[in-house]
file structure19.csv (CSV, C-alpha atoms)
chain,number,residue,atom,x,y,z
A,22,MET,CA,22.5,-34.2,-12.1
A,23,VAL,CA,20.5,-35.1,-9.0
A,24,LYS,CA,20.6,-32.2,-6.5
A,25,GLU,CA,22.9,-33.0,-3.6
A,26,LEU,CA,21.1,-33.5,-0.3
A,27,VAL,CA,22.5,-31.2,2.3
A,28,LEU,CA,23.1,-33.0,5.6
A,29,ALA,CA,24.1,-31.1,8.7
A,30,ILE,CA,25.7,-32.9,11.6
A,31,GLN,CA,25.3,-31.3,15.1
A,32,ILE,CA,26.6,-33.9,17.5
A,33,ALA,CA,28.2,-33.0,20.8
A,34,LYS,CA,30.2,-36.2,21.3
A,35,PRO,CA,33.5,-35.7,19.4
A,36,ASN,CA,34.1,-39.4,18.5
A,37,LEU,CA,30.4,-39.9,17.5
A,38,ALA,CA,30.5,-36.7,15.4
A,39,LYS,CA,33.7,-37.9,13.6
A,40,ALA,CA,32.2,-41.4,13.0
A,41,ILE,CA,29.0,-40.1,11.5
A,42,ALA,CA,30.8,-37.5,9.4
A,43,GLY,CA,33.1,-40.3,8.1
A,44,LEU,CA,30.1,-42.5,7.1
A,45,SER,CA,28.3,-39.5,5.5
A,46,ASN,CA,31.3,-38.5,3.4
A,47,GLN,CA,31.5,-42.0,1.9
A,48,LEU,CA,27.9,-41.6,0.5
A,49,LYS,CA,27.4,-40.0,-2.9
A,50,SER,CA,25.2,-37.0,-3.8
A,51,LEU,CA,25.5,-35.7,-0.3
A,52,ASP,CA,26.9,-32.4,0.9
A,53,VAL,CA,28.0,-32.8,4.5
A,54,LEU,CA,28.1,-29.8,6.9
A,55,LEU,CA,29.5,-29.9,10.5
A,56,TRP,CA,27.4,-27.6,12.6
A,57,LYS,CA,28.5,-26.4,16.0
A,58,ALA,CA,27.2,-24.1,18.8
A,59,ASN,CA,23.7,-25.4,18.6
A,60,LYS,CA,23.0,-23.9,15.2
A,61,ALA,CA,20.1,-26.3,14.7
A,62,GLU,CA,18.4,-24.9,17.7
A,63,ASN,CA,18.9,-21.3,16.6
A,64,GLY,CA,17.8,-21.2,13.0
A,65,SER,CA,18.6,-17.5,12.7
A,66,THR,CA,22.3,-18.3,12.7
A,67,ALA,CA,22.1,-20.9,9.9
A,68,THR,CA,23.5,-19.8,6.5
A,69,SER,CA,21.6,-22.5,4.6
A,70,ILE,CA,18.7,-24.8,5.3
A,71,PRO,CA,19.7,-28.4,5.1
A,72,ASP,CA,17.6,-31.3,4.0
A,73,ILE,CA,18.6,-33.5,7.0
A,74,ILE,CA,19.9,-32.6,10.4
A,75,ILE,CA,21.6,-35.3,12.6
A,76,ILE,CA,21.8,-34.7,16.4
A,77,ASP,CA,22.7,-36.9,19.4
A,78,ASP,CA,21.2,-37.0,22.9
A,79,SER,CA,24.3,-35.9,24.7
A,80,PRO,CA,23.7,-35.1,28.4
A,81,GLU,CA,25.4,-31.7,27.8
A,82,CYS,CA,22.4,-30.7,25.7
A,83,SER,CA,18.8,-30.0,26.8
A,84,ASP,CA,16.0,-32.6,27.0
A,85,LEU,CA,15.9,-34.5,23.6
A,86,VAL,CA,12.2,-34.1,23.1
A,87,THR,CA,12.4,-30.4,23.7
A,88,ARG,CA,15.4,-30.1,21.3
A,89,ILE,CA,13.5,-32.0,18.6
A,90,LYS,CA,10.5,-29.7,18.8
A,91,SER,CA,12.6,-26.6,18.8
A,92,ILE,CA,14.5,-27.7,15.7
A,93,LYS,CA,11.3,-28.7,13.9
A,94,ASP,CA,9.8,-25.3,14.8
A,95,GLN,CA,12.9,-23.6,13.2
A,96,PHE,CA,13.1,-26.0,10.2
A,97,PRO,CA,9.7,-27.5,9.6
A,98,GLN,CA,10.6,-29.2,6.3
A,99,VAL,CA,13.9,-30.6,7.6
A,100,SER,CA,14.2,-34.4,8.3
A,101,LEU,CA,15.7,-34.9,11.7
A,102,PHE,CA,17.8,-37.9,12.6
A,103,VAL,CA,18.6,-38.8,16.2
A,104,VAL,CA,21.7,-40.9,17.1
A,105,SER,CA,21.7,-42.5,20.5
A,106,ASP,CA,22.9,-45.6,22.4
A,107,ASN,CA,19.6,-45.7,24.3
A,108,LYS,CA,17.5,-48.6,23.0
A,109,ASP,CA,14.5,-48.1,25.3
A,110,HIS,CA,11.4,-48.4,23.2
A,111,GLN,CA,9.5,-45.6,25.0
A,112,TYR,CA,12.5,-43.3,24.6
A,113,ILE,CA,12.5,-44.0,20.9
A,114,ILE,CA,8.8,-43.6,20.5
A,115,ALA,CA,8.9,-40.2,22.4
A,116,ALA,CA,11.6,-38.9,20.0
A,117,MET,CA,9.6,-40.0,16.9
A,118,LYS,CA,6.4,-38.5,18.2
A,119,ALA,CA,8.3,-35.2,18.8
A,120,GLY,CA,9.2,-35.1,15.1
A,121,ALA,CA,12.3,-37.2,14.5
A,122,SER,CA,12.3,-39.0,11.1
A,123,GLU,CA,14.8,-41.6,12.1
A,124,PHE,CA,16.2,-42.9,15.4
A,125,LEU,CA,19.7,-44.5,14.7
A,126,VAL,CA,21.1,-46.7,17.5
A,127,GLU,CA,24.8,-46.7,18.0
A,128,PRO,CA,27.0,-47.9,16.5
A,129,VAL,CA,25.5,-46.7,13.2
A,130,MET,CA,26.3,-48.9,10.1
A,131,GLU,CA,26.9,-47.4,6.7
A,132,GLU,CA,24.0,-49.5,5.3
A,133,THR,CA,21.7,-48.1,8.0
A,134,LEU,CA,22.6,-44.5,7.3
A,135,GLN,CA,22.3,-45.1,3.5
A,136,ARG,CA,18.8,-46.6,3.9
A,137,ALA,CA,17.6,-43.7,6.0
A,138,ILE,CA,19.0,-41.1,3.6
A,139,ASP,CA,17.5,-43.0,0.6
A,140,GLU,CA,14.1,-42.8,2.2
A,141,ILE,CA,14.4,-39.0,2.5
A,142,ARG,CA,15.7,-38.7,-1.1
A,143,GLU,CA,12.8,-40.8,-2.4
A,144,LYS,CA,10.3,-38.7,-0.4
A,145,LEU,CA,11.7,-35.4,-1.7
A,146,ALA,CA,11.8,-36.7,-5.3
A,147,ASN,CA,8.2,-37.7,-5.0
A,148,THR,CA,7.2,-34.2,-3.9
A,149,GLY,CA,9.2,-32.5,-6.6
A,150,ARG,CA,11.6,-30.9,-4.1
A,151,LEU,CA,14.6,-32.9,-5.4
A,152,ALA,CA,15.7,-33.3,-9.0
A,153,GLN,CA,15.8,-36.8,-10.4
A,154,GLY,CA,18.6,-38.6,-12.2
A,155,ARG,CA,18.9,-39.1,-15.9
A,156,ILE,CA,18.5,-42.4,-17.8
A,157,TYR,CA,20.6,-43.4,-20.8
A,158,SER,CA,19.7,-46.5,-22.9
A,159,PHE,CA,22.2,-48.2,-25.2
A,160,VAL,CA,20.9,-50.5,-27.9
A,161,SER,CA,22.8,-51.9,-30.9
A,162,ALA,CA,21.6,-52.3,-34.5
A,163,LYS,CA,23.0,-55.8,-34.5
A,164,GLY,CA,25.1,-58.1,-32.3
A,165,GLY,CA,28.8,-57.6,-32.0
A,166,VAL,CA,29.0,-53.8,-32.6
A,167,GLY,CA,30.1,-53.0,-29.1
A,168,SER,CA,26.9,-51.7,-27.3
A,169,THR,CA,27.7,-53.4,-24.0
A,170,VAL,CA,31.3,-52.3,-24.1
A,171,LEU,CA,30.2,-48.7,-24.6
A,172,ALA,CA,27.5,-48.9,-21.9
A,173,VAL,CA,29.8,-50.4,-19.3
A,174,ASN,CA,32.6,-47.9,-20.0
A,175,THR,CA,30.1,-44.9,-20.1
A,176,ALA,CA,28.8,-46.0,-16.7
A,177,THR,CA,32.4,-46.3,-15.4
A,178,ALA,CA,33.2,-42.8,-16.7
A,179,LEU,CA,30.1,-41.3,-15.0
A,180,ALA,CA,31.0,-43.1,-11.7
A,181,ARG,CA,34.4,-41.4,-11.7
A,182,ASP,CA,32.6,-38.3,-10.3
A,183,LYS,CA,32.9,-39.0,-6.6
A,184,LYS,CA,29.9,-36.8,-5.9
A,185,ALA,CA,27.5,-38.5,-8.3
A,186,ALA,CA,25.9,-41.9,-7.8
A,187,THR,CA,25.8,-44.1,-10.9
A,188,ALA,CA,23.8,-47.3,-11.6
A,189,LEU,CA,24.2,-49.8,-14.5
A,190,ILE,CA,21.3,-52.1,-15.3
A,191,ASP,CA,21.8,-55.1,-17.7
A,192,MET,CA,18.6,-55.2,-19.7
A,193,SER,CA,19.8,-57.8,-22.1
A,194,PHE,CA,17.8,-60.3,-20.2
A,195,GLN,CA,18.5,-63.5,-22.2
A,196,SER,CA,22.2,-62.9,-22.9
A,197,GLY,CA,23.5,-60.2,-20.7
A,198,ASP,CA,27.3,-59.8,-20.7
A,199,ALA,CA,27.8,-56.7,-18.6
A,200,SER,CA,28.7,-58.8,-15.6
A,201,VAL,CA,31.5,-60.5,-17.6
A,202,LEU,CA,33.0,-57.1,-18.5
A,203,LEU,CA,32.9,-56.1,-14.8
A,204,ASP,CA,34.2,-59.5,-13.7
A,205,ILE,CA,31.2,-59.9,-11.3
A,206,LEU,CA,29.6,-63.2,-10.4
A,207,PRO,CA,26.2,-61.9,-9.3
A,208,GLN,CA,24.6,-63.3,-6.2
A,209,ASN,CA,21.3,-61.6,-7.1
A,210,THR,CA,19.8,-60.3,-10.3
A,211,ILE,CA,16.8,-58.3,-11.5
A,212,THR,CA,14.8,-61.5,-11.2
A,213,ASN,CA,15.0,-61.2,-7.4
A,214,ILE,CA,13.3,-57.8,-7.6
A,215,CYS,CA,10.6,-58.9,-10.0
A,216,GLU,CA,9.7,-61.8,-7.8
A,217,ASN,CA,9.4,-59.5,-4.8
A,218,MET,CA,8.0,-56.3,-6.1
A,219,HIS,CA,6.0,-55.8,-2.9
A,220,ARG,CA,9.3,-55.3,-1.1
A,221,LEU,CA,10.8,-52.8,-3.6
A,222,ASP,CA,12.3,-49.8,-1.9
A,223,GLY,CA,15.7,-48.2,-1.8
A,224,SER,CA,17.1,-50.6,0.7
A,225,PHE,CA,16.0,-53.7,-1.2
A,226,LEU,CA,17.2,-52.3,-4.5
A,227,ARG,CA,20.6,-51.6,-3.2
A,228,GLY,CA,20.7,-55.0,-1.5
A,229,VAL,CA,20.1,-56.8,-4.9
A,230,MET,CA,22.6,-54.6,-6.7
A,231,SER,CA,26.3,-55.5,-6.8
A,232,GLY,CA,28.8,-52.9,-5.8
A,233,HIS,CA,31.9,-52.5,-8.0
A,234,SER,CA,35.4,-51.1,-7.5
A,235,THR,CA,34.7,-48.4,-10.2
A,236,GLY,CA,32.1,-46.9,-7.8
A,237,LEU,CA,29.0,-47.9,-9.8
A,238,ASN,CA,26.1,-50.0,-8.6
A,239,PHE,CA,25.2,-52.9,-11.0
A,240,LEU,CA,21.9,-54.7,-11.4
A,241,PRO,CA,22.6,-57.9,-13.4
A,242,ALA,CA,20.5,-59.6,-15.9
A,243,PRO,CA,18.9,-63.0,-15.0
A,244,LEU,CA,21.3,-65.9,-14.7
A,245,ASN,CA,19.0,-68.2,-16.6
A,246,PRO,CA,17.6,-67.0,-20.0
A,247,GLU,CA,14.2,-68.6,-19.3
A,248,ASP,CA,13.8,-66.3,-16.3
A,249,SER,CA,13.4,-63.3,-18.6
A,250,GLU,CA,9.9,-64.4,-19.4
A,251,ASP,CA,8.9,-63.4,-15.8
A,252,ILE,CA,10.1,-59.8,-16.3
A,253,LYS,CA,7.2,-57.5,-17.2
A,254,SER,CA,7.1,-53.9,-18.4
A,255,GLU,CA,5.4,-52.8,-15.2
A,256,HIS,CA,8.4,-54.2,-13.3
A,257,ILE,CA,10.8,-52.1,-15.3
A,258,ALA,CA,8.6,-49.0,-14.9
A,259,ARG,CA,8.7,-49.3,-11.1
A,260,ILE,CA,12.4,-50.2,-11.0
A,261,LEU,CA,13.5,-47.3,-13.1
A,262,ASN,CA,11.1,-44.9,-11.4
A,263,LEU,CA,12.9,-45.7,-8.1
A,264,THR,CA,16.4,-45.9,-9.5
A,265,ARG,CA,16.3,-42.4,-11.0
A,266,LYS,CA,15.3,-41.1,-7.5
A,267,LEU,CA,18.4,-42.7,-5.9
A,268,PHE,CA,21.0,-42.2,-8.6
A,269,ASP,CA,22.3,-39.3,-10.6
A,270,HIS,CA,23.0,-41.4,-13.7
A,271,VAL,CA,21.3,-44.7,-14.7
A,272,VAL,CA,22.8,-46.5,-17.7
A,273,LEU,CA,20.8,-49.3,-19.4
A,274,ASP,CA,22.4,-51.9,-21.6
A,275,CYS,CA,19.6,-53.1,-23.8
A,276,SER,CA,19.3,-56.2,-26.0
A,277,SER,CA,20.7,-55.9,-29.6
A,278,MET,CA,18.1,-55.2,-32.3
A,279,HIS,CA,15.3,-56.4,-30.0
A,280,VAL,CA,12.3,-54.3,-28.9
A,281,ASN,CA,9.7,-55.6,-26.5
A,282,ASP,CA,7.4,-54.2,-23.8
A,283,CYS,CA,10.3,-54.0,-21.4
A,284,SER,CA,12.7,-52.2,-23.7
A,285,VAL,CA,9.9,-49.8,-24.8
A,286,GLU,CA,9.3,-48.9,-21.2
A,287,ALA,CA,13.1,-48.3,-20.8
A,288,PHE,CA,13.2,-46.1,-23.9
A,289,LYS,CA,10.2,-44.1,-22.7
A,290,GLN,CA,11.8,-43.3,-19.4
A,291,SER,CA,15.2,-42.6,-20.9
A,292,ASP,CA,16.5,-39.1,-21.5
A,293,LYS,CA,18.6,-40.4,-24.4
A,294,VAL,CA,18.4,-43.6,-26.5
A,295,PHE,CA,21.9,-44.2,-28.0
A,296,VAL,CA,21.7,-46.6,-31.0
A,297,ILE,CA,25.1,-48.1,-31.7
A,298,THR,CA,26.2,-49.2,-35.2
A,299,ASP,CA,29.4,-49.6,-37.2
A,300,MET,CA,30.4,-48.8,-40.8
A,301,SER,CA,29.2,-52.0,-42.4
A,302,VAL,CA,26.3,-52.1,-44.7
A,303,PRO,CA,24.3,-54.7,-42.7
A,304,SER,CA,24.7,-52.6,-39.5
A,305,ILE,CA,23.6,-49.4,-41.2
A,306,ARG,CA,20.6,-51.1,-42.7
A,307,ASN,CA,19.6,-52.5,-39.4
A,308,THR,CA,20.1,-49.1,-37.7
A,309,VAL,CA,17.6,-47.5,-40.0
A,310,ARG,CA,15.1,-50.3,-39.3
A,311,LEU,CA,15.7,-50.1,-35.5
A,312,CYS,CA,15.2,-46.4,-35.4
A,313,LYS,CA,12.0,-46.6,-37.3
A,314,LEU,CA,10.8,-49.3,-35.0
A,315,ILE,CA,11.6,-47.4,-31.9
A,316,ARG,CA,9.8,-44.3,-33.2
A,317,LYS,CA,6.7,-46.4,-33.9
A,318,PHE,CA,6.4,-46.8,-30.1
A,319,GLY,CA,6.2,-43.1,-29.6
A,320,ILE,CA,9.8,-42.4,-28.9
A,321,SER,CA,10.7,-39.0,-30.3
A,322,LEU,CA,13.5,-38.5,-32.9
A,323,GLU,CA,15.0,-35.9,-30.6
A,324,LYS,CA,15.6,-38.5,-27.9
A,325,ILE,CA,17.4,-41.0,-30.3
A,326,GLU,CA,21.0,-40.5,-31.1
A,327,ILE,CA,23.2,-42.6,-33.4
A,328,ILE,CA,26.7,-43.6,-32.5
A,329,ILE,CA,29.2,-45.2,-35.0
A,330,ASN,CA,31.6,-47.5,-33.3
A,331,ARG,CA,35.0,-48.5,-34.8
A,332,PHE,CA,35.0,-45.5,-37.0
A,333,ILE,CA,37.8,-45.4,-39.6
A,334,LYS,CA,38.6,-42.3,-41.6
A,335,GLY,CA,38.8,-43.0,-45.3
A,336,GLY,CA,36.9,-46.3,-45.1
A,337,ALA,CA,34.9,-47.8,-47.9
A,338,LEU,CA,31.9,-45.8,-46.9
A,339,SER,CA,32.2,-42.1,-46.0
A,340,LEU,CA,30.4,-40.5,-43.1
A,341,THR,CA,28.5,-38.4,-45.6
A,342,GLU,CA,27.2,-41.5,-47.4
A,343,ILE,CA,26.3,-43.2,-44.1
A,344,GLU,CA,24.4,-40.2,-42.8
A,345,LYS,CA,22.2,-40.1,-45.9
A,346,ASN,CA,20.4,-43.1,-44.6
A,347,PHE,CA,19.5,-41.5,-41.3
A,348,ASP,CA,16.9,-38.8,-40.3
A,349,LYS,CA,19.5,-36.9,-38.3
A,350,PRO,CA,23.3,-36.4,-38.2
A,351,VAL,CA,25.4,-39.0,-36.4
A,352,TYR,CA,25.9,-37.9,-32.8
A,353,TRP,CA,29.2,-39.5,-31.9
A,354,LEU,CA,32.1,-41.4,-33.5
A,355,ILE,CA,34.2,-44.0,-31.6
A,356,PRO,CA,37.7,-44.9,-32.8
A,357,ASN,CA,38.6,-48.5,-33.7
A,358,ASP,CA,40.6,-49.5,-30.6
A,359,PHE,CA,40.0,-53.3,-31.0
A,360,SER,CA,43.1,-54.7,-29.3
A,361,ASP,CA,42.8,-52.5,-26.1
A,362,ILE,CA,39.1,-53.4,-25.8
A,363,VAL,CA,39.7,-57.2,-26.3
A,364,SER,CA,42.3,-57.0,-23.5
A,365,SER,CA,39.8,-55.2,-21.3
A,366,ILE,CA,37.1,-57.7,-21.9
A,367,ASN,CA,39.3,-60.7,-21.3
A,368,ARG,CA,40.5,-59.2,-18.0
A,369,GLY,CA,37.1,-58.1,-16.8
A,370,ILE,CA,38.1,-54.5,-16.3
A,371,PRO,CA,36.4,-51.6,-18.1
A,372,LEU,CA,39.0,-50.1,-20.4
A,373,ILE,CA,38.5,-46.6,-19.0
A,374,LYS,CA,39.8,-48.0,-15.7
A,375,LEU,CA,42.4,-50.4,-17.1
A,376,SER,CA,43.9,-47.9,-19.5
A,377,PRO,CA,42.6,-44.4,-19.1
A,378,GLY,CA,45.0,-43.2,-21.8
A,379,ALA,CA,43.8,-45.6,-24.5
A,380,PRO,CA,42.1,-43.9,-27.5
A,381,PHE,CA,38.7,-45.5,-26.7
A,382,SER,CA,38.9,-44.4,-23.0
A,383,LYS,CA,39.7,-40.8,-23.9
A,384,ASN,CA,36.9,-40.8,-26.5
A,385,VAL,CA,34.3,-42.1,-23.9
A,386,VAL,CA,35.3,-39.3,-21.5
A,387,GLU,CA,34.6,-36.7,-24.2
A,388,PHE,CA,31.3,-38.5,-25.1
A,389,VAL,CA,30.1,-38.3,-21.5
A,390,LYS,CA,31.0,-34.6,-21.4
A,391,LYS,CA,29.0,-34.0,-24.6
A,392,PHE,CA,25.7,-35.6,-23.4
A,393,GLN,CA,26.1,-33.9,-20.1
A,394,GLY,CA,26.4,-30.5,-21.8
A,395,LEU,CA,29.9,-30.0,-20.4
A,396,GLN,CA,31.8,-30.0,-23.7
A,397,ASN,CA,32.8,-26.5,-25.0
A,398,ASP,CA,32.5,-27.6,-28.7
A,399,GLN,CA,29.1,-29.1,-29.0
A,400,GLU,CA,29.8,-29.7,-32.7
A,401,PHE,CA,32.7,-32.1,-31.8
A,402,ARG,CA,31.7,-35.7,-32.5
A,403,GLY,CA,34.6,-37.7,-31.0
A,404,ILE,CA,37.1,-37.7,-33.9
A,405,ARG,CA,38.7,-34.8,-35.7
A,406,GLY,CA,39.7,-34.6,-39.3
A,407,THR,CA,42.6,-32.9,-41.1
A,408,PHE,CA,44.2,-30.0,-39.2
A,409,GLY,CA,42.0,-30.8,-36.1
A,410,LYS,CA,38.7,-29.8,-37.8
A,411,THR,CA,35.5,-31.4,-36.5
A,412,ILE,CA,34.3,-34.2,-38.8

call {"tool": "encode", "arguments": {"input": "structure19.csv", "output": "structure tokens"}}
result
Amino acid sequence: MVKELVLAIQIAKPNLAKAIAGLSNQLKSLDVLLWKANKAENGSTATSIPDIIIIDDSPECSDLVTRIKSIKDQFPQVSLFVVSDNKDHQYIIAAMKAGASEFLVEPVMEETLQRAIDEIREKLANTGRLAQGRIYSFVSAKGGVGSTVLAVNTATALARDKKAATALIDMSFQSGDASVLLDILPQNTITNICENMHRLDGSFLRGVMSGHSTGLNFLPAPLNPEDSEDIKSEHIARILNLTRKLFDHVVLDCSSMHVNDCSVEAFKQSDKVFVITDMSVPSIRNTVRLCKLIRKFGISLEKIEIIINRFIKGGALSLTEIEKNFDKPVYWLIPNDFSDIVSSINRGIPLIKLSPGAPFSKNVVEFVKKFQGLQNDQEFRGIRGTFGKTI
């Protein structure tokens, strides 16, 4: 997980301090501290060194420039934000010259604070002082085996963590359906970013993304299939490089049985590439072919994991017979919960939100625990056999 930024608020005005704390607590991957008694000016009393300190220019405190210099002397690596209702350009310039990283004019909007924090997060990630997020690609061996459903619900499960920021990117550029499963009519898509790469930063990226009630941030596929021709691998490289600096988890829904320069770039940057299949002979055959193709592009076998969707115990093909076709054991098994999933798709609500108690939903929660290393039984693959034994 991305290391939480530690933000310390030392603001003398009670109402302003409450407002800034309220905004800060709405942002993910942020540990908010309320400092009092001029702790920022007296580093010896600080129990931890924050990444960001926010102060105001209350008349009760000393001269702003003097305070900024004092804080920067005590905490040279800290980014200092000043909040003020003074809009005088010379006043702002003096504060910035003294060492302030940002000058936020009251009233401070959530988007403004988010942009300022994103800039610090990106800066710290670039210097290696901040851990970066993890990327998970989902690709299916053939159409219709449920890759998009799993990707969307996995992102939804990750977004349930109120402290972690999660992004979902639809990389099925010619036929993306993730927006349908989220019931989103996108105003902007990844095309808007590719057409304006010179503007790409955290603020622009978030502006193009669609927010969702699940808490995740969604970057849709192009509205017109022909627009996919304008998306290049270098675009994907830059987008993912930035996205993993701003988000704890990045889920990529890739095209079924389709590998091109863009998907190869996605696979290279991914921590895991989940290949989704089912128990049919055509799907298993295509899974073998797809895994071999992915590996030809230099993706290690260790990074690739196979997931069987709609798994049925006692089916025509046994799990043992299926695994003989692969170079490694199957990573996860997903139960056949067809009716619940169809209902979820038709309503445009991820099943894990619509019906948390559904077999599929509970399975996805356990799946997320496993690839995050939070599952006690790492041998568990999603479905248990007779007497509760791991299949």

call {"tool": "residues_around", "arguments": {"input": "structure19.csv", "residues": "Arg306 in chain A", "least_positions_apart": "3", "cutoff": "10 Å", "atoms": "only C-alpha atoms", "output": "mmCIF file with C-alpha atoms, in the frame of the given file"}}
result
data_model
loop_
_atom_site.group_PDB
_atom_site.id
_atom_site.type_symbol
_atom_site.label_atom_id
_atom_site.label_comp_id
_atom_site.auth_asym_id
_atom_site.auth_seq_id
_atom_site.Cartn_x
_atom_site.Cartn_y
_atom_site.Cartn_z
ATOM 1 C CA ALA A 162 21.600 -52.300 -34.500
ATOM 2 C CA LYS A 163 23.000 -55.800 -34.500
ATOM 3 C CA THR A 298 26.200 -49.200 -35.200
ATOM 4 C CA SER A 301 29.200 -52.000 -42.400
ATOM 5 C CA VAL A 302 26.300 -52.100 -44.700
ATOM 6 C CA PRO A 303 24.300 -54.700 -42.700
ATOM 7 C CA VAL A 309 17.600 -47.500 -40.000
ATOM 8 C CA ARG A 310 15.100 -50.300 -39.300
ATOM 9 C CA LEU A 311 15.700 -50.100 -35.500
ATOM 10 C CA ILE A 343 26.300 -43.200 -44.100
ATOM 11 C CA ASN A 346 20.400 -43.100 -44.600
ATOM 12 C CA PHE A 347 19.500 -41.500 -41.300
#

call {"tool": "atom_distance", "arguments": {"input": "structure19.csv", "atom1": "CA of Ser277 in chain A", "atom2": "CA of Ile328 in chain A"}}
result
14.0 Å

call {"tool": "atom_distance", "arguments": {"input": "structure19.csv", "atom1": "CA of Gln153 in chain A", "atom2": "CA of Thr210 in chain A"}}
result
23.8 Å

call {"tool": "closest_atom_pairs", "arguments": {"input": "structure19.csv", "of": "range 291-349 of chain A", "to": "range 388-397 of chain A", "cutoff": "12 Å", "atoms": "all atoms listed in the file", "output": "tab-separated table"}}
result
residue	atom	partner	partner_atom	distance
A:Asp292	CA	A:Phe392	CA	10.0
A:Lys293	CA	A:Phe392	CA	8.6
A:Val294	CA	A:Phe392	CA	11.3
A:Phe295	CA	A:Phe392	CA	10.5
A:Lys324	CA	A:Phe392	CA	11.4
A:Glu326	CA	A:Phe392	CA	10.3
A:Ile328	CA	A:Phe388	CA	10.1

call {"tool": "residues_around", "arguments": {"input": "structure19.csv", "residues": "Asp198 in chain A", "least_positions_apart": "3", "cutoff": "10 Å", "atoms": "all atoms listed in the file", "output": "PDB file with C-alpha atoms, in the frame of the given file"}}
result
ATOM      1  CA  THR A 169      27.700 -53.400 -24.000  1.00  0.00           C
ATOM      2  CA  VAL A 170      31.300 -52.300 -24.100  1.00  0.00           C
ATOM      3  CA  VAL A 173      29.800 -50.400 -19.300  1.00  0.00           C
ATOM      4  CA  ASP A 191      21.800 -55.100 -17.700  1.00  0.00           C
ATOM      5  CA  MET A 192      18.600 -55.200 -19.700  1.00  0.00           C
ATOM      6  CA  SER A 193      19.800 -57.800 -22.100  1.00  0.00           C
ATOM      7  CA  PHE A 194      17.800 -60.300 -20.200  1.00  0.00           C
ATOM      8  CA  GLN A 195      18.500 -63.500 -22.200  1.00  0.00           C
ATOM      9  CA  VAL A 201      31.500 -60.500 -17.600  1.00  0.00           C
ATOM     10  CA  LEU A 202      33.000 -57.100 -18.500  1.00  0.00           C
ATOM     11  CA  LEU A 203      32.900 -56.100 -14.800  1.00  0.00           C
ATOM     12  CA  ASP A 204      34.200 -59.500 -13.700  1.00  0.00           C
ATOM     13  CA  PRO A 241      22.600 -57.900 -13.400  1.00  0.00           C
ATOM     14  CA  ALA A 242      20.500 -59.600 -15.900  1.00  0.00           C
ATOM     15  CA  ASP A 274      22.400 -51.900 -21.600  1.00  0.00           C
TER      16      ASP A 274
END

call {"tool": "atom_distance", "arguments": {"input": "structure19.csv", "atom1": "CA of Gln208 in chain A", "atom2": "CA of Ser196 in chain A"}}
result
16.9 Å

call {"tool": "residues_around", "arguments": {"input": "structure19.csv", "residues": "Glu286 in chain A", "least_positions_apart": "6", "cutoff": "8 Å", "atoms": "only C-alpha atoms", "output": "list in words"}}
result
Ser254, Ile257 and Ala258 of chain A

call {"tool": "closest_residue", "arguments": {"input": "structure19.csv", "among": "A:Lys183, A:Asp348, A:Lys90, A:Ala379", "to": "Ser360 in chain A", "atoms": "only C-alpha atoms"}}
result
A:Ala379

call {"tool": "residues_around", "arguments": {"input": "structure19.csv", "residues": "Arg265 in chain A", "least_positions_apart": "5", "cutoff": "9 Å", "atoms": "all atoms listed in the file", "output": "PyMOL selection string"}}
result
chain A and resi 23+153-156+188+260+270-271

call {"tool": "residues_near_point", "arguments": {"input": "structure19.csv", "point": "(17.8, -38.5, 8.5)", "cutoff": "8 Å", "atoms": "all atoms listed in the file", "output": "PyMOL selection string"}}
result
chain A and resi 73-75+100-103+122-123+134+137-138+141

call {"tool": "closest_residue", "arguments": {"input": "structure19.csv", "among": "A:Val166, A:Ser105, A:Leu273, A:Thr235", "to": "Ile190 in chain A", "atoms": "all atoms listed in the file"}}
result
A:Leu273

call {"tool": "residues_around", "arguments": {"input": "structure19.csv", "residues": "range 37-47 of chain A", "least_positions_apart": "4", "cutoff": "12 Å", "atoms": "only C-alpha atoms", "output": "number ranges by chain"}}
result
A: 26-33, 51-57, 73-79, 102-106, 125-138, 183-186, 236
